[in-house]
There are 2 protein chains.
Amino acid sequence: MNSISDQLADQYKKELLYNVIPFWTKYSTDNEHGGYYTCLDRRGMVYDTDKFVWLHGRQVWMFSTLYNTVLKDDNWLAMAEHGARFLEKHGRDRMGNWYFSLDRSGNPLIAPYNIFSDCFVAMAFSQLSKATGNDRYASLSVNTFNNILSRSSNPKGSYNKAVSGSRSLKGFSLPMILCNLTLEMEHLLEKDTVDKTINKCIHEVMELFYDKESGVIRENINSDGSFSDTFEGRLVNPGHGIEAMWFIMELAARTDNKELAEKASGITLDILEYSWDREFGGIYYFMDVMGKPLQQLEWDQKLWWVHFEALVSLIKGFQYTGNKRCLEWFYKVHEYTWSRFPDPEYGEWFGYLNRRGEVLLSLKGGKWKGCFHIPRGLYQVWKTLEKIKGQA
Amino acid sequence: MNSISDQLADQYKKELLYNVIPFWTKYSTDNEHGGYYTCLDRRGMVYDTDKFVWLHGRQVWMFSTLYNTVLKDDNWLAMAEHGARFLEKHGRDRMGNWYFSLDRSGNPLIAPYNIFSDCFVAMAFSQLSKATGNDRYASLSVNTFNNILSRSSNPKGSYNKAVSGSRSLKGFSLPMILCNLTLEMEHLLEKDTVDKTINKCIHEVMELFYDKESGVIRENINSDGSFSDTFEGRLVNPGHGIEAMWFIMELAARTDNKELAEKASGITLDILEYSWDREFGGIYYFMDVMGKPLQQLEWDQKLWWVHFEALVSLIKGFQYTGNKRCLEWFYKVHEYTWSRFPDPEYGEWFGYLNRRGEVLLSLKGGKWKGCFHIPRGLYQVWKTLEKIKGQA
């Protein structure tokens, strides 16, 4: 008889390969103009044809990763290259910055104000270069990565509305994503760049953004690392903090740093305790570290990616530390997530639930939800469960 | 015995003068650095000290208006001038554009990307010049008004992230607010400017943004006035449309244009029928005119200003047209609003309810809610009920 972890690994694997990935393969390709539709309604029908550069990067990355790590399926590679062609042809301005969005045929709509377009494009072409051995993809990835580093002190550039010199806050998103991106691109970068970037990111995430007192990660800090008692400084995005912790655990595993893995899994548990809705279950989207009123009207909603990132961090926390609390929380979040987010009728998963866990928006994809967190999460949990065979 | 409308007029008047206005008088003044705190929690305690230019404009306007039209109370005038001093001293950049936000002592935080700062400052100094006869306030108001008109083709200026020439949409907010602002400033402007601006705004609101087919007002249209099947083009903000209709009714009353008043009150009713939540009651915050999934996660929430604007438009609709449906809807919205938004324990009104009408955020003021929609709505309904004495 199979152990629970075998059965669970199989559940995550099957959901990935027989439900989620086929949904995107079937509905998201624009065969006329190239690229991907991501605005798919509950049934998979296209309800808007705008194209989002960062969601293209994520989808190219997802299909390339599956090709590189699960199965050399030519359809997956073709799917990745389909998105990559659209990105290469239409995605950049003359300076090599990646636009935020394009219209259906690739005309730019929204300027490159958002550096996460660049982050996910770099990640995409890195995996695609691995899949194809194509050097053009490799240089595109490296050039974009270098551009991100050069823009990192003011990622929004001229679109930054903060008056300079007035209140200089540093955001968590970029150091967090660089933890993951640098590891993803390790095969393309100089060892020295990798080590420096990783050390800097680990320091920033674990020493500056992590707040010992509250036990959670702050979204914004003063440039000297101190707490800013402002809307931005008080903001906690539990999903972000939890996601960052599995990036940190992977970095810890790279150098067999058990202490760092322990710390990251401990923070995961602390954030979960802090942000779990004790009345209706699920993880809040936003909180204020001082319990003050938030600006975010969606603060109490339950989002797909938050719950998936928690599943990944918890199972990796168990893998790297053996802490049983990680496993207990994993089962709790697993039960919550699987009983509310999947759509048994039309496939794929809902993204947006209200506080009570009821569907708030029935879309399968949009401007912010694409082919990424659910398949990546299913993949990560599946693979981790295989590694801890018999223990969970 | 008093008629129902007498009793109701009294209810609105008392709520304004003995609950809402005293709350702001008591809690919002910063006696040390000047200006107003607007981030007030449920009890009126300051939870953040940032200062918002547009909310300053609105509060200066509110106290000046009460002074000009209700009672020559020196405390009200002092309150208005207290905010005006802070605005004059700290509010503008060198070009005369009004910042979006300032820190407690008046250092600019967020650049003048938002033209509604300018709109509400112009409105504020217009009423304050009436209250004081001070010409400096009058010129400040007129200069700001002229600057708004000169910026109207691209209100966000260099902060506009849309790639130029790609998809040129025209937003509803500015023509809508100009309907009201021009009338507010009529005593300071050349007759020709007033007539031209008003005629242009009425045309834009009633011919371009109003969509005959769906019966509602669109938030964004193509620059040639046609429908844009995009997230922005499909967006309906029922509260915005309803609010604009009472501005239009006032403009109609100015030239005794009964046909225009009929049309505006009819549109108010149509938008209400369209946006009323038939399951839980209340008016939705955002809708998609084609019923497609929205980007706005807060779409189903019930907001204070939406319900107050509906009360004003409905009672004015009855005043100007005698249509009994306006009155029926007025009582329905009145009942919903008064039974959920007021805070009997700590005074003033809640701003943000979830779809079920439960309090989502207990703040009394923040970055978007200040001393404006509730007192202005109470004032407008009170005064209108007095005019229709015995009919309602």
# chains A, B, ... in the order shown; residues from 1 in each chain; ligands from 1

$ residues_around --residues "Val60 in chain B" --least-positions-apart "6" --cutoff "8 Å" --atoms "only C-alpha atoms" --output "number ranges by chain"
B: 79-81, 83-84, 124-125, 128

$ residues_around --residues "Thr197 in chain B" --least-positions-apart "6" --cutoff "10 Å" --atoms "only C-alpha atoms" --output "list in words"
Leu149, Pro175, Leu178, Cys179, Thr182, Leu183, Lys191 and His203 of chain B

$ write_last_selection --atoms "all heavy atoms" --output "tab-separated table (two decimals), in the first residue's frame"
chain	number	residue	atom	x	y	z
B	149	LEU	N	-8.06	73.24	-16.67
B	149	LEU	CA	-8.50	73.22	-18.07
B	149	LEU	C	-7.31	72.99	-19.00
B	149	LEU	O	-7.41	72.22	-19.96
B	149	LEU	CB	-9.20	74.53	-18.45
B	149	LEU	CG	-10.56	74.81	-17.77
B	149	LEU	CD1	-11.21	76.05	-18.38
B	149	LEU	CD2	-11.51	73.61	-17.87
B	175	PRO	N	-14.71	65.41	-16.89
B	175	PRO	CA	-15.94	66.10	-17.32
B	175	PRO	C	-17.01	66.09	-16.24
B	175	PRO	O	-17.73	67.08	-16.04
B	175	PRO	CB	-16.41	65.31	-18.55
B	175	PRO	CG	-15.44	64.23	-18.79
B	175	PRO	CD	-14.28	64.40	-17.89
B	178	LEU	N	-16.06	68.62	-13.55
B	178	LEU	CA	-16.14	69.99	-14.07
B	178	LEU	C	-17.59	70.50	-14.09
B	178	LEU	O	-17.83	71.70	-13.94
B	178	LEU	CB	-15.52	70.08	-15.46
B	178	LEU	CG	-13.98	70.12	-15.50
B	178	LEU	CD1	-13.48	70.08	-16.94
B	178	LEU	CD2	-13.42	71.34	-14.78
B	179	CYS	N	-18.55	69.60	-14.26
B	179	CYS	CA	-19.98	69.99	-14.18
B	179	CYS	C	-20.24	70.68	-12.85
B	179	CYS	O	-20.93	71.69	-12.77
B	179	CYS	CB	-20.89	68.77	-14.24
B	179	CYS	SG	-20.99	67.97	-15.84
B	182	THR	N	-17.58	73.96	-12.11
B	182	THR	CA	-17.88	75.20	-12.85
B	182	THR	C	-19.05	75.94	-12.20
B	182	THR	O	-19.04	77.16	-12.08
B	182	THR	CB	-18.17	74.87	-14.32
B	182	THR	OG1	-17.15	74.01	-14.80
B	182	THR	CG2	-18.20	76.13	-15.16
B	183	LEU	N	-20.04	75.17	-11.78
B	183	LEU	CA	-21.20	75.78	-11.12
B	183	LEU	C	-20.79	76.37	-9.76
B	183	LEU	O	-21.20	77.47	-9.39
B	183	LEU	CB	-22.28	74.71	-10.93
B	183	LEU	CG	-23.72	75.20	-10.79
B	183	LEU	CD1	-24.11	76.09	-11.96
B	183	LEU	CD2	-24.66	74.00	-10.71
B	191	LYS	N	-18.58	84.81	-17.72
B	191	LYS	CA	-19.80	84.11	-18.14
B	191	LYS	C	-19.53	83.18	-19.33
B	191	LYS	O	-20.03	82.05	-19.40
B	191	LYS	CB	-20.90	85.11	-18.49
B	191	LYS	CG	-22.25	84.44	-18.76
B	191	LYS	CD	-23.36	85.40	-19.09
B	191	LYS	CE	-24.66	84.65	-19.40
B	191	LYS	NZ	-24.56	83.50	-20.29
B	203	HIS	N	-22.62	67.95	-22.80
B	203	HIS	CA	-22.53	67.15	-24.03
B	203	HIS	C	-21.75	65.86	-23.78
B	203	HIS	O	-22.20	64.76	-24.13
B	203	HIS	CB	-21.87	67.97	-25.14
B	203	HIS	CG	-21.44	67.14	-26.30
B	203	HIS	ND1	-22.34	66.55	-27.18
B	203	HIS	CD2	-20.20	66.74	-26.73
B	203	HIS	CE1	-21.68	65.85	-28.09
B	203	HIS	NE2	-20.38	65.94	-27.83

$ select_by_dssp --residues "range 24-139 of chain B" --states "alpha helix (DSSP H)" --output "ChimeraX atom specification"
/B:24-27,53-69,74-90,115-132,135-139

$ closest_atom_pairs --of "chain A" --to "chain B" --cutoff "7 Å" --atoms "only C-alpha atoms" --output "tab-separated table"
residue	atom	partner	partner_atom	distance
A:Tyr47	CA	B:Lys292	CA	6.7
A:Asp48	CA	B:Thr230	CA	6.6
A:Asn107	CA	B:Ser166	CA	6.9
A:Pro108	CA	B:Val163	CA	6.4
A:Leu109	CA	B:Val163	CA	5.2
A:Ile110	CA	B:Ala162	CA	4.6
A:Ala111	CA	B:Lys161	CA	5.3
A:Tyr159	CA	B:Tyr159	CA	5.5
A:Lys161	CA	B:Ala111	CA	5.3
A:Ala162	CA	B:Ile110	CA	4.6
A:Val163	CA	B:Leu109	CA	5.2
A:Ser166	CA	B:Leu109	CA	5.8
A:Arg167	CA	B:Leu109	CA	6.8
A:Thr230	CA	B:Asp48	CA	6.6
A:Lys292	CA	B:Tyr47	CA	6.7
A:Pro293	CA	B:Leu363	CA	6.2
A:Leu297	CA	B:Glu298	CA	6.1
A:Glu298	CA	B:Glu298	CA	6.0
A:Leu361	CA	B:Pro293	CA	6.5
A:Leu363	CA	B:Pro293	CA	6.2

$ write_last_selection --atoms "C-alpha atoms" --output "tab-separated table (two decimals), in the first residue's frame"
chain	number	residue	atom	x	y	z
A	47	TYR	CA	-12.97	37.69	-22.46
A	48	ASP	CA	-10.22	40.22	-23.21
A	107	ASN	CA	1.38	47.14	-29.97
A	108	PRO	CA	2.61	48.49	-26.64
A	109	LEU	CA	-0.12	49.74	-24.29
A	110	ILE	CA	1.45	50.31	-20.89
A	111	ALA	CA	5.00	51.58	-20.51
A	159	TYR	CA	6.85	56.59	-13.22
A	161	LYS	CA	5.27	59.29	-8.07
A	162	ALA	CA	7.11	59.67	-4.76
A	163	VAL	CA	8.72	63.11	-4.48
A	166	SER	CA	10.94	63.06	0.91
A	167	ARG	CA	10.41	59.54	2.17
A	230	THR	CA	3.29	54.78	7.39
A	292	LYS	CA	-4.36	49.82	12.01
A	293	PRO	CA	-6.91	50.22	9.20
A	297	LEU	CA	-10.08	47.04	0.39
A	298	GLU	CA	-9.31	43.46	-0.65
A	361	LEU	CA	-14.51	36.35	-9.37
A	363	LEU	CA	-12.15	34.02	-13.98

$ residues_around --residues "Asn323 in chain B" --least-positions-apart "6" --cutoff "10 Å" --atoms "only C-alpha atoms" --output "mmCIF file with N, CA, C and O atoms, in the first residue's frame"
data_model
loop_
_atom_site.group_PDB
_atom_site.id
_atom_site.type_symbol
_atom_site.label_atom_id
_atom_site.label_comp_id
_atom_site.auth_asym_id
_atom_site.auth_seq_id
_atom_site.Cartn_x
_atom_site.Cartn_y
_atom_site.Cartn_z
ATOM 1 N N GLU B 262 -35.291 65.671 -16.559
ATOM 2 C CA GLU B 262 -35.999 64.394 -16.726
ATOM 3 C C GLU B 262 -35.033 63.293 -17.139
ATOM 4 O O GLU B 262 -35.055 62.185 -16.612
ATOM 5 N N SER B 265 -32.685 62.339 -14.236
ATOM 6 C CA SER B 265 -33.320 61.558 -13.168
ATOM 7 C C SER B 265 -33.672 60.158 -13.682
ATOM 8 O O SER B 265 -33.598 59.175 -12.937
ATOM 9 N N GLY B 266 -34.004 60.065 -14.956
ATOM 10 C CA GLY B 266 -34.266 58.745 -15.551
ATOM 11 C C GLY B 266 -33.014 57.874 -15.553
ATOM 12 O O GLY B 266 -33.072 56.677 -15.227
ATOM 13 N N LEU B 314 -31.587 60.969 -6.046
ATOM 14 C CA LEU B 314 -32.993 60.541 -6.026
ATOM 15 C C LEU B 314 -33.901 61.644 -5.501
ATOM 16 O O LEU B 314 -34.969 61.897 -6.062
ATOM 17 N N ILE B 315 -33.470 62.312 -4.430
ATOM 18 C CA ILE B 315 -34.356 63.335 -3.866
ATOM 19 C C ILE B 315 -34.406 64.556 -4.790
ATOM 20 O O ILE B 315 -35.450 65.183 -4.956
ATOM 21 N N GLY B 317 -34.012 64.284 -8.027
ATOM 22 C CA GLY B 317 -34.808 63.798 -9.152
ATOM 23 C C GLY B 317 -36.288 64.015 -8.876
ATOM 24 O O GLY B 317 -37.053 64.476 -9.734
#

$ residues_around --residues "range 9-17 of chain A" --least-positions-apart "4" --cutoff "10 Å" --atoms "only C-alpha atoms" --output "list in words"
Ser3, Ile4, Ser5, Ile21, Pro22, Phe23, Leu66, Val70, Pro342, Gly347, Glu348, Ile374, Pro375, Arg376, Gly377, Leu378, Tyr379, Gln380, Val381, Trp382, Lys383, Thr384, Leu385, Glu386, Lys387, Ile388 and Lys389 of chain A

$ residues_around --residues "Ser226 in chain B" --least-positions-apart "3" --cutoff "10 Å" --atoms "only C-alpha atoms" --output "list in words"
Leu169, Leu208, Phe209, Asp211, Asn220, Ile221, Asn222, Ser223, Asp229 and Gly233 of chain B

$ atom_distance --atom1 "CA of Lys332 in chain B" --atom2 "CA of Lys369 in chain B"
23.9 Å

$ residues_around --residues "Ser105 in chain A" --least-positions-apart "5" --cutoff "12 Å" --atoms "only C-alpha atoms" --output "list in words"
Asp30, Asn31, Glu32, His33, Gly34, Gly35, Tyr36, Tyr37, Thr49, Asp50, Lys51, Phe52, Phe86, Leu87, Lys89, His90 and Gly91 of chain A; Ser166 of chain B

$ residues_around --residues "Ile148 in chain B" --least-positions-apart "4" --cutoff "12 Å" --atoms "only C-alpha atoms" --output "ChimeraX atom specification"
/B:96-98,112,114-123,141-144,152-157,174-175,177-178,181-182,197

$ write_last_selection --atoms "C-alpha atoms" --output "PDB file, in the first residue's frame"
ATOM      1  CA  GLY B  96       1.181  75.692  -9.309  1.00  0.00           C
ATOM      2  CA  ASN B  97       0.181  72.027  -9.545  1.00  0.00           C
ATOM      3  CA  TRP B  98      -1.210  70.601  -6.322  1.00  0.00           C
ATOM      4  CA  PRO B 112       0.889  66.136  -8.553  1.00  0.00           C
ATOM      5  CA  ASN B 114      -3.812  63.446  -9.678  1.00  0.00           C
ATOM      6  CA  ILE B 115      -5.782  66.375 -11.046  1.00  0.00           C
ATOM      7  CA  PHE B 116      -8.514  65.870  -8.442  1.00  0.00           C
ATOM      8  CA  SER B 117      -6.235  67.528  -5.913  1.00  0.00           C
ATOM      9  CA  ASP B 118      -6.486  70.641  -8.083  1.00  0.00           C
ATOM     10  CA  CYS B 119     -10.262  70.274  -8.593  1.00  0.00           C
ATOM     11  CA  PHE B 120     -11.044  70.157  -4.895  1.00  0.00           C
ATOM     12  CA  VAL B 121      -8.609  72.926  -4.034  1.00  0.00           C
ATOM     13  CA  ALA B 122     -10.244  75.186  -6.642  1.00  0.00           C
ATOM     14  CA  MET B 123     -13.658  74.359  -5.143  1.00  0.00           C
ATOM     15  CA  SER B 141      -9.167  79.324  -7.083  1.00  0.00           C
ATOM     16  CA  VAL B 142      -9.312  80.811 -10.592  1.00  0.00           C
ATOM     17  CA  ASN B 143      -5.649  80.124 -11.356  1.00  0.00           C
ATOM     18  CA  THR B 144      -6.092  76.522 -10.294  1.00  0.00           C
ATOM     19  CA  SER B 152      -7.450  68.381 -19.185  1.00  0.00           C
ATOM     20  CA  SER B 153      -6.248  66.557 -22.317  1.00  0.00           C
ATOM     21  CA  ASN B 154      -3.692  64.564 -20.286  1.00  0.00           C
ATOM     22  CA  PRO B 155      -4.528  65.004 -16.591  1.00  0.00           C
ATOM     23  CA  LYS B 156      -1.827  62.617 -15.334  1.00  0.00           C
ATOM     24  CA  GLY B 157       0.914  64.355 -17.340  1.00  0.00           C
ATOM     25  CA  LEU B 174     -12.892  65.073 -15.225  1.00  0.00           C
ATOM     26  CA  PRO B 175     -15.935  66.101 -17.321  1.00  0.00           C
ATOM     27  CA  ILE B 177     -16.331  66.940 -11.826  1.00  0.00           C
ATOM     28  CA  LEU B 178     -16.142  69.993 -14.070  1.00  0.00           C
ATOM     29  CA  LEU B 181     -16.821  72.709 -10.174  1.00  0.00           C
ATOM     30  CA  THR B 182     -17.878  75.202 -12.846  1.00  0.00           C
ATOM     31  CA  THR B 197     -17.374  74.632 -20.038  1.00  0.00           C
TER      32      THR B 197
END

$ select_by_dssp --residues "range 55-279 of chain B" --states "strand (DSSP E)" --output "ChimeraX atom specification"
/B:101-102,108-110,169-171,210-211,216-217,220-222,235-236

$ closest_residue --among "B:Ser126, B:Ser28, B:Thr38, B:Ser150" --to "Ser64 in chain B" --atoms "only C-alpha atoms"
B:Ser126

$ atom_distance --atom1 "CA of Val216 in chain B" --atom2 "CA of Ile267 in chain B"
7.0 Å
